[in-house]
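Reproduced below: work_2.cif, with mmCIF, C-alpha atoms.
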data_final
loop_
_atom_site.group_PDB
_atom_site.id
_atom_site.type_symbol
_atom_site.label_atom_id
_atom_site.label_comp_id
_atom_site.auth_asym_id
_atom_site.auth_seq_id
_atom_site.Cartn_x
_atom_site.Cartn_y
_atom_site.Cartn_z
ATOM 1 C CA MET A 867 20.402 -12.717 -3.043
ATOM 2 C CA PRO A 868 16.921 -13.909 -1.986
ATOM 3 C CA PHE A 869 14.139 -11.342 -1.969
ATOM 4 C CA PHE A 870 12.264 -12.872 0.975
ATOM 5 C CA HIS A 871 14.110 -14.576 3.771
ATOM 6 C CA PRO A 872 13.610 -15.562 7.416
ATOM 7 C CA THR A 873 14.460 -12.770 9.804
ATOM 8 C CA GLU A 874 15.443 -12.693 13.446
ATOM 9 C CA GLU A 875 13.041 -11.052 15.836
ATOM 10 C CA PRO A 876 14.805 -8.620 18.215
ATOM 11 C CA GLY A 877 15.538 -10.316 21.538
ATOM 12 C CA SER A 878 14.589 -13.781 20.246
ATOM 13 C CA GLU A 879 18.113 -15.255 20.562
ATOM 14 C CA GLY A 880 18.450 -16.459 16.964
ATOM 15 C CA GLU A 881 14.834 -17.566 16.475
ATOM 16 C CA LYS A 882 13.793 -17.116 12.835
ATOM 17 C CA THR A 883 10.392 -15.850 11.674
ATOM 18 C CA ALA A 884 8.833 -15.558 8.225
ATOM 19 C CA SER A 885 9.293 -12.316 6.306
ATOM 20 C CA LEU A 886 5.722 -12.604 4.996
ATOM 21 C CA GLU A 887 2.844 -14.541 6.502
ATOM 22 C CA LEU A 888 -0.605 -15.008 4.979
ATOM 23 C CA PHE A 889 -3.292 -16.892 6.890
ATOM 24 C CA ILE A 890 -6.679 -17.557 5.234
ATOM 25 C CA VAL A 891 -9.563 -19.678 6.496
ATOM 26 C CA GLU A 892 -12.454 -19.764 4.027
ATOM 27 C CA LYS A 893 -16.004 -20.617 5.130
ATOM 28 C CA ARG A 894 -18.396 -22.596 3.027
ATOM 29 C CA SER A 895 -21.211 -20.499 1.659
ATOM 30 C CA ASN A 896 -24.426 -21.544 -0.062
ATOM 31 C CA ASP A 897 -24.444 -18.224 -1.918
ATOM 32 C CA SER A 898 -22.477 -18.596 -5.182
ATOM 33 C CA ASP A 899 -22.070 -14.802 -5.463
ATOM 34 C CA LYS A 900 -20.412 -14.516 -2.058
ATOM 35 C CA LEU A 901 -17.000 -15.558 -0.755
ATOM 36 C CA SER A 902 -16.908 -15.951 3.021
ATOM 37 C CA PHE A 903 -13.813 -16.003 5.184
ATOM 38 C CA GLU A 904 -13.555 -16.894 8.841
ATOM 39 C CA LYS A 905 -10.131 -15.297 9.024
ATOM 40 C CA PHE A 906 -7.886 -13.387 6.626
ATOM 41 C CA SER A 907 -4.607 -12.167 8.091
ATOM 42 C CA PHE A 908 -1.440 -10.755 6.515
ATOM 43 C CA ARG A 909 1.783 -9.969 8.368
ATOM 44 C CA SER A 910 5.108 -8.641 7.160
ATOM 45 C CA CYS A 911 8.282 -8.087 9.121
ATOM 46 C CA ASP A 912 9.585 -4.545 9.383
ATOM 47 C CA THR A 913 11.207 -3.700 6.075
ATOM 48 C CA THR A 914 13.940 -1.471 4.686
ATOM 49 C CA VAL A 915 13.436 -0.241 1.114
ATOM 50 C CA VAL A 916 16.063 1.619 -0.935
ATOM 51 C CA VAL A 917 14.855 3.049 -4.268
ATOM 52 C CA LYS A 918 16.458 5.294 -6.888
ATOM 53 C CA GLU A 919 14.447 8.344 -7.912
ATOM 54 C CA THR A 920 14.416 7.067 -11.521
ATOM 55 C CA LEU A 921 12.762 3.794 -10.473
ATOM 56 C CA PHE A 922 10.279 5.641 -8.256
ATOM 57 C CA PHE A 923 9.002 7.825 -11.117
ATOM 58 C CA ALA A 924 9.126 4.899 -13.592
ATOM 59 C CA ILE A 925 6.825 2.901 -11.282
ATOM 60 C CA LEU A 926 4.478 5.871 -11.029
ATOM 61 C CA LYS A 927 4.461 6.068 -14.829
ATOM 62 C CA ASP A 928 4.016 2.340 -15.536
ATOM 63 C CA PHE A 929 1.120 1.945 -13.122
ATOM 64 C CA HIS A 930 -0.383 5.380 -13.864
ATOM 65 C CA PHE A 931 -0.085 6.282 -10.175
ATOM 66 C CA HIS A 932 0.947 9.820 -11.073
ATOM 67 C CA LYS A 933 -2.540 10.365 -12.523
ATOM 68 C CA LYS A 934 -4.188 8.840 -9.442
ATOM 69 C CA VAL A 935 -2.054 10.884 -7.048
ATOM 70 C CA ALA A 936 -2.850 14.075 -8.952
ATOM 71 C CA HIS A 937 -6.545 13.114 -8.833
ATOM 72 C CA VAL A 938 -6.440 12.637 -5.040
ATOM 73 C CA PHE A 939 -4.806 16.007 -4.373
ATOM 74 C CA PHE A 940 -6.204 18.219 -7.109
ATOM 75 C CA GLU A 941 -9.660 16.929 -8.101
ATOM 76 C CA SER A 942 -13.046 16.171 -6.563
ATOM 77 C CA HIS A 943 -13.793 12.834 -4.874
ATOM 78 C CA GLU A 944 -17.484 12.725 -5.890
ATOM 79 C CA GLU A 945 -16.920 10.630 -9.041
ATOM 80 C CA GLU A 946 -14.607 8.258 -7.161
ATOM 81 C CA SER A 947 -17.084 7.511 -4.363
ATOM 82 C CA ALA A 948 -19.904 6.977 -6.880
ATOM 83 C CA ASP A 949 -17.704 4.532 -8.824
ATOM 84 C CA ILE A 950 -16.735 2.593 -5.682
ATOM 85 C CA SER A 951 -20.321 2.057 -4.583
ATOM 86 C CA SER A 952 -21.313 0.373 -7.842
ATOM 87 C CA PRO A 953 -22.143 -3.307 -7.325
ATOM 88 C CA SER A 954 -20.130 -6.189 -8.791
ATOM 89 C CA SER A 955 -20.861 -9.867 -9.243
ATOM 90 C CA LYS A 956 -18.851 -11.131 -6.210
ATOM 91 C CA ARG A 957 -19.397 -10.098 -2.616
ATOM 92 C CA PHE A 958 -16.944 -10.768 0.208
ATOM 93 C CA TYR A 959 -17.753 -11.439 3.847
ATOM 94 C CA PHE A 960 -15.057 -11.504 6.532
ATOM 95 C CA GLU A 961 -15.604 -12.571 10.131
ATOM 96 C CA HIS A 962 -12.131 -11.157 10.746
ATOM 97 C CA ILE A 963 -9.777 -9.409 8.318
ATOM 98 C CA GLU A 964 -6.444 -8.058 9.505
ATOM 99 C CA LEU A 965 -3.338 -6.503 8.007
ATOM 100 C CA GLN A 966 -0.897 -6.280 10.883
ATOM 101 C CA ALA A 967 1.114 -3.163 11.676
ATOM 102 C CA VAL A 968 4.425 -2.767 9.879
ATOM 103 C CA LYS A 969 7.281 -0.288 9.873
ATOM 104 C CA VAL A 970 8.958 0.561 6.554
ATOM 105 C CA ILE A 971 12.275 2.409 6.497
ATOM 106 C CA LEU A 972 12.474 4.167 3.146
ATOM 107 C CA THR A 973 15.467 5.709 1.392
ATOM 108 C CA LEU A 974 15.126 7.475 -1.952
ATOM 109 C CA LEU A 975 18.392 8.012 -3.798
ATOM 110 C CA PRO A 976 18.610 10.930 -6.246
ATOM 111 C CA ALA A 977 18.957 10.513 -9.992
ATOM 112 C CA ILE A 978 21.720 12.524 -11.661
ATOM 113 C CA ASP A 979 19.407 13.276 -14.572
ATOM 114 C CA LEU A 980 15.843 12.050 -15.081
ATOM 115 C CA PRO A 981 14.667 11.098 -18.579
ATOM 116 C CA ASP A 982 12.258 13.661 -20.087
ATOM 117 C CA ASP A 983 9.156 11.445 -19.707
ATOM 118 C CA LEU A 984 9.864 11.019 -15.980
ATOM 119 C CA LYS A 985 10.514 14.754 -15.562
ATOM 120 C CA VAL A 986 7.011 15.368 -16.931
ATOM 121 C CA ILE A 987 5.578 13.068 -14.254
ATOM 122 C CA LYS A 988 7.626 14.732 -11.515
ATOM 123 C CA TYR A 989 6.433 18.198 -12.531
ATOM 124 C CA SER A 990 2.811 17.035 -12.994
ATOM 125 C CA LEU A 991 2.835 16.107 -9.295
ATOM 126 C CA GLY A 992 3.553 19.728 -8.440
ATOM 127 C CA ILE A 993 7.247 19.272 -7.600
ATOM 128 C CA PRO A 994 8.936 22.558 -8.605
ATOM 129 C CA ARG A 995 11.566 22.385 -11.348
ATOM 130 C CA GLN A 996 14.128 24.334 -9.320
ATOM 131 C CA LEU A 997 14.204 21.746 -6.509
ATOM 132 C CA PRO A 998 17.214 19.437 -6.480
ATOM 133 C CA PRO A 999 16.649 15.704 -7.080
ATOM 134 C CA MET A 1000 14.420 14.053 -4.483
ATOM 135 C CA THR A 1001 16.455 12.589 -1.644
ATOM 136 C CA PHE A 1002 15.591 11.225 1.727
ATOM 137 C CA GLU A 1003 17.288 8.708 3.941
ATOM 138 C CA ASN A 1004 15.826 6.381 6.521
ATOM 139 C CA ALA A 1005 12.342 7.894 6.531
ATOM 140 C CA CYS A 1006 10.528 5.633 8.954
ATOM 141 C CA LEU A 1007 6.899 5.065 7.950
ATOM 142 C CA TYR A 1008 4.591 3.232 10.330
ATOM 143 C CA PHE A 1009 1.519 1.526 8.886
ATOM 144 C CA ASP A 1010 -1.031 0.918 11.658
ATOM 145 C CA ALA A 1011 -2.866 -2.383 11.764
ATOM 146 C CA PHE A 1012 -5.997 -2.600 9.618
ATOM 147 C CA ALA A 1013 -8.657 -4.796 11.232
ATOM 148 C CA ARG A 1014 -12.360 -5.314 10.575
ATOM 149 C CA ASN A 1015 -14.837 -7.770 12.085
ATOM 150 C CA ASN A 1016 -18.066 -9.069 10.556
ATOM 151 C CA ILE A 1017 -17.901 -6.914 7.458
ATOM 152 C CA GLN A 1018 -19.185 -7.416 3.933
ATOM 153 C CA TYR A 1019 -17.760 -5.777 0.823
ATOM 154 C CA ASP A 1020 -19.689 -5.688 -2.438
ATOM 155 C CA SER A 1021 -16.588 -5.717 -4.672
ATOM 156 C CA TYR A 1022 -12.794 -5.788 -4.817
ATOM 157 C CA LYS A 1023 -12.947 -2.012 -5.217
ATOM 158 C CA ASP A 1024 -14.767 -1.695 -1.889
ATOM 159 C CA ILE A 1025 -12.040 -3.689 -0.157
ATOM 160 C CA SER A 1026 -9.231 -1.657 -1.726
ATOM 161 C CA TYR A 1027 -11.047 1.625 -0.984
ATOM 162 C CA ASP A 1028 -11.437 0.695 2.694
ATOM 163 C CA VAL A 1029 -7.756 -0.290 2.977
ATOM 164 C CA MET A 1030 -6.546 2.827 1.105
ATOM 165 C CA LYS A 1031 -8.763 5.061 3.241
ATOM 166 C CA HIS A 1032 -7.303 3.479 6.381
ATOM 167 C CA TYR A 1033 -3.717 3.996 5.204
ATOM 168 C CA SER A 1034 -4.234 7.473 3.747
ATOM 169 C CA LYS A 1035 -2.734 8.934 6.914
ATOM 170 C CA ILE A 1036 0.699 7.362 7.316
ATOM 171 C CA ARG A 1037 2.572 8.346 10.452
ATOM 172 C CA GLU A 1038 6.153 9.340 9.847
ATOM 173 C CA LEU A 1039 8.490 8.412 12.693
ATOM 174 C CA GLY A 1040 11.834 9.627 11.389
ATOM 175 C CA PRO A 1041 13.330 12.716 9.810
ATOM 176 C CA ILE A 1042 13.570 13.290 6.094
ATOM 177 C CA ILE A 1043 17.115 14.311 5.217
ATOM 178 C CA GLU A 1044 18.017 16.319 2.141
#

Starting from the file, give its structure as structure tokens.
Amino acid sequence: MPFFHPTEEPGSEGEKTASLELFIVEKRSNDSDKLSFEKFSFRSCDTTVVVKETLFFAILKDFHFHKKVAHVFFESHEEESADISSPSSKRFYFEHIELQAVKVILTLLPAIDLPDDLKVIKYSLGIPRQLPPMTFENACLYFDAFARNNIQYDSYKDISYDVMKHYSKIRELGPIIE
């Protein structure tokens, strides 16, 4: 089964569109420490994601997201903002950067029994032990478009911080079912 495939747009009478689309137009720059882009655009079709609770916590563990999530909710942001403002060797200038809006329908299937190392992660995120396994079906998350014009970032971290800050408030469109 292919991971990415053409999809039909609703009401398009069988017309196929790309599942992912990346459009980049780089500008020449005389500054060797600066990458300039006329346009940077990313689009994804609306997506349905089904994940088992075991995989969800394993991903958190492998990428150390559980530590980052705990940091966001339980610790101060002063160190983080000081770290993000530190300069790096490459700067990035965008005349136009855009991540188009996308809807993700998310289902999290419960695990019968989590391994001990994943239970530790679950509890470190403040999820009470007496709660049943995490379950939700067809939670519809809408990611608004991210767009900036004539903006310069001093590092990759600055770009990721701006994007994460934009998406820190995800609108939920559907119910979470237990």

Ile890 in chain A environment, 8 Å, all atoms listed in the file, sequence neighbours closer than 5 positions dropped, as a list in words: Phe903, Glu904, Lys905, Phe906 and Ser907 of chain A

Could you save those same residues with C-alpha atoms as an mmCIF file, in the frame of the given file?
data_model
loop_
_atom_site.group_PDB
_atom_site.id
_atom_site.type_symbol
_atom_site.label_atom_id
_atom_site.label_comp_id
_atom_site.auth_asym_id
_atom_site.auth_seq_id
_atom_site.Cartn_x
_atom_site.Cartn_y
_atom_site.Cartn_z
ATOM 1 C CA PHE A 903 -13.813 -16.003 5.184
ATOM 2 C CA GLU A 904 -13.555 -16.894 8.841
ATOM 3 C CA LYS A 905 -10.131 -15.297 9.024
ATOM 4 C CA PHE A 906 -7.886 -13.387 6.626
ATOM 5 C CA SER A 907 -4.607 -12.167 8.091
#

The PyMOL selection byres ((chain A and resi 918) around 8) applied to the shown file, residues as a tab-separated table (two decimals) with C-alpha atoms, keeping the file's coordinate frame:
chain	number	residue	atom	x	y	z
A	916	VAL	CA	16.06	1.62	-0.94
A	917	VAL	CA	14.86	3.05	-4.27
A	919	GLU	CA	14.45	8.34	-7.91
A	920	THR	CA	14.42	7.07	-11.52
A	921	LEU	CA	12.76	3.79	-10.47
A	922	PHE	CA	10.28	5.64	-8.26
A	974	LEU	CA	15.13	7.48	-1.95
A	975	LEU	CA	18.39	8.01	-3.80
A	976	PRO	CA	18.61	10.93	-6.25
A	977	ALA	CA	18.96	10.51	-9.99

Picked residues, the PyMOL selection byres ((chain A and resi 971) around 7), as a PyMOL selection string: chain A and resi 913-915+969-970+972-973+1004-1007

Residue members of the PyMOL selection byres ((chain A and resi 1015) around 12) in the file shown, as a list in words: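 Applied to this file, the PyMOL selection byres ((chain A and resi 1015) around 12) returns Phe903, Glu904, Lys905, Phe906, Ser907, Tyr959, Phe960, Glu961, His962, Ile963, Glu964, Phe1012, Ala1013, Arg1014, Asn1016, Ile1017, Gln1018 and Tyr1019 of chain A.
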
Just write the chosen residues, C-alpha atoms, as a JSON list (two decimals), in the coordinates of the input.
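part.json was written with the following content:
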[["chain", "number", "residue", "atom", "x", "y", "z"],
["A", 903, "PHE", "CA", -13.81, -16.00, 5.18],
["A", 904, "GLU", "CA", -13.56, -16.89, 8.84],
["A", 905, "LYS", "CA", -10.13, -15.30, 9.02],
["A", 906, "PHE", "CA", -7.89, -13.39, 6.63],
["A", 907, "SER", "CA", -4.61, -12.17, 8.09],
["A", 959, "TYR", "CA", -17.75, -11.44, 3.85],
["A", 960, "PHE", "CA", -15.06, -11.50, 6.53],
["A", 961, "GLU", "CA", -15.60, -12.57, 10.13],
["A", 962, "HIS", "CA", -12.13, -11.16, 10.75],
["A", 963, "ILE", "CA", -9.78, -9.41, 8.32],
["A", 964, "GLU", "CA", -6.44, -8.06, 9.51],
["A", 1012, "PHE", "CA", -6.00, -2.60, 9.62],
["A", 1013, "ALA", "CA", -8.66, -4.80, 11.23],
["A", 1014, "ARG", "CA", -12.36, -5.31, 10.58],
["A", 1016, "ASN", "CA", -18.07, -9.07, 10.56],
["A", 1017, "ILE", "CA", -17.90, -6.91, 7.46],
["A", 1018, "GLN", "CA", -19.18, -7.42, 3.93],
["A", 1019, "TYR", "CA", -17.76, -5.78, 0.82]]

Point-to-point distance from CA of Ile925 in chain A to CA of Phe889 in chain A, Å rounded to tenths: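 For CA of Ile925 in chain A relative to CA of Phe889 in chain A, the distance reads 28.7 Å.
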
Would you compute an axis-aligned box for range 918-925 of chain A, covering every atom listed for it in the file with 3 Å of margin on each side, and report centre and edge lengths in Å to one decimal as JSON?
{"center_x": 11.6, "center_y": 5.6, "center_z": -10.2, "size_x": 15.6, "size_y": 11.4, "size_z": 12.7}

Interatomic distance (Å, one decimal) between CA of Leu888 in chain A and CA of Ser902 in chain A: 16.4 Å

Nearest candidate to Tyr989 in chain A (options A:Ser910, A:Ser885, A:Phe923, A:Ser1026; using only C-alpha atoms):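 Of A:Ser910, A:Ser885, A:Phe923, A:Ser1026, the one nearest Tyr989 in chain A is A:Phe923, counting only C-alpha atoms.
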
Among listed residues A:Phe958, A:Asp912, A:Leu886, A:Ala967, nearest Lys1023 in chain A (using only C-alpha atoms): A:Phe958
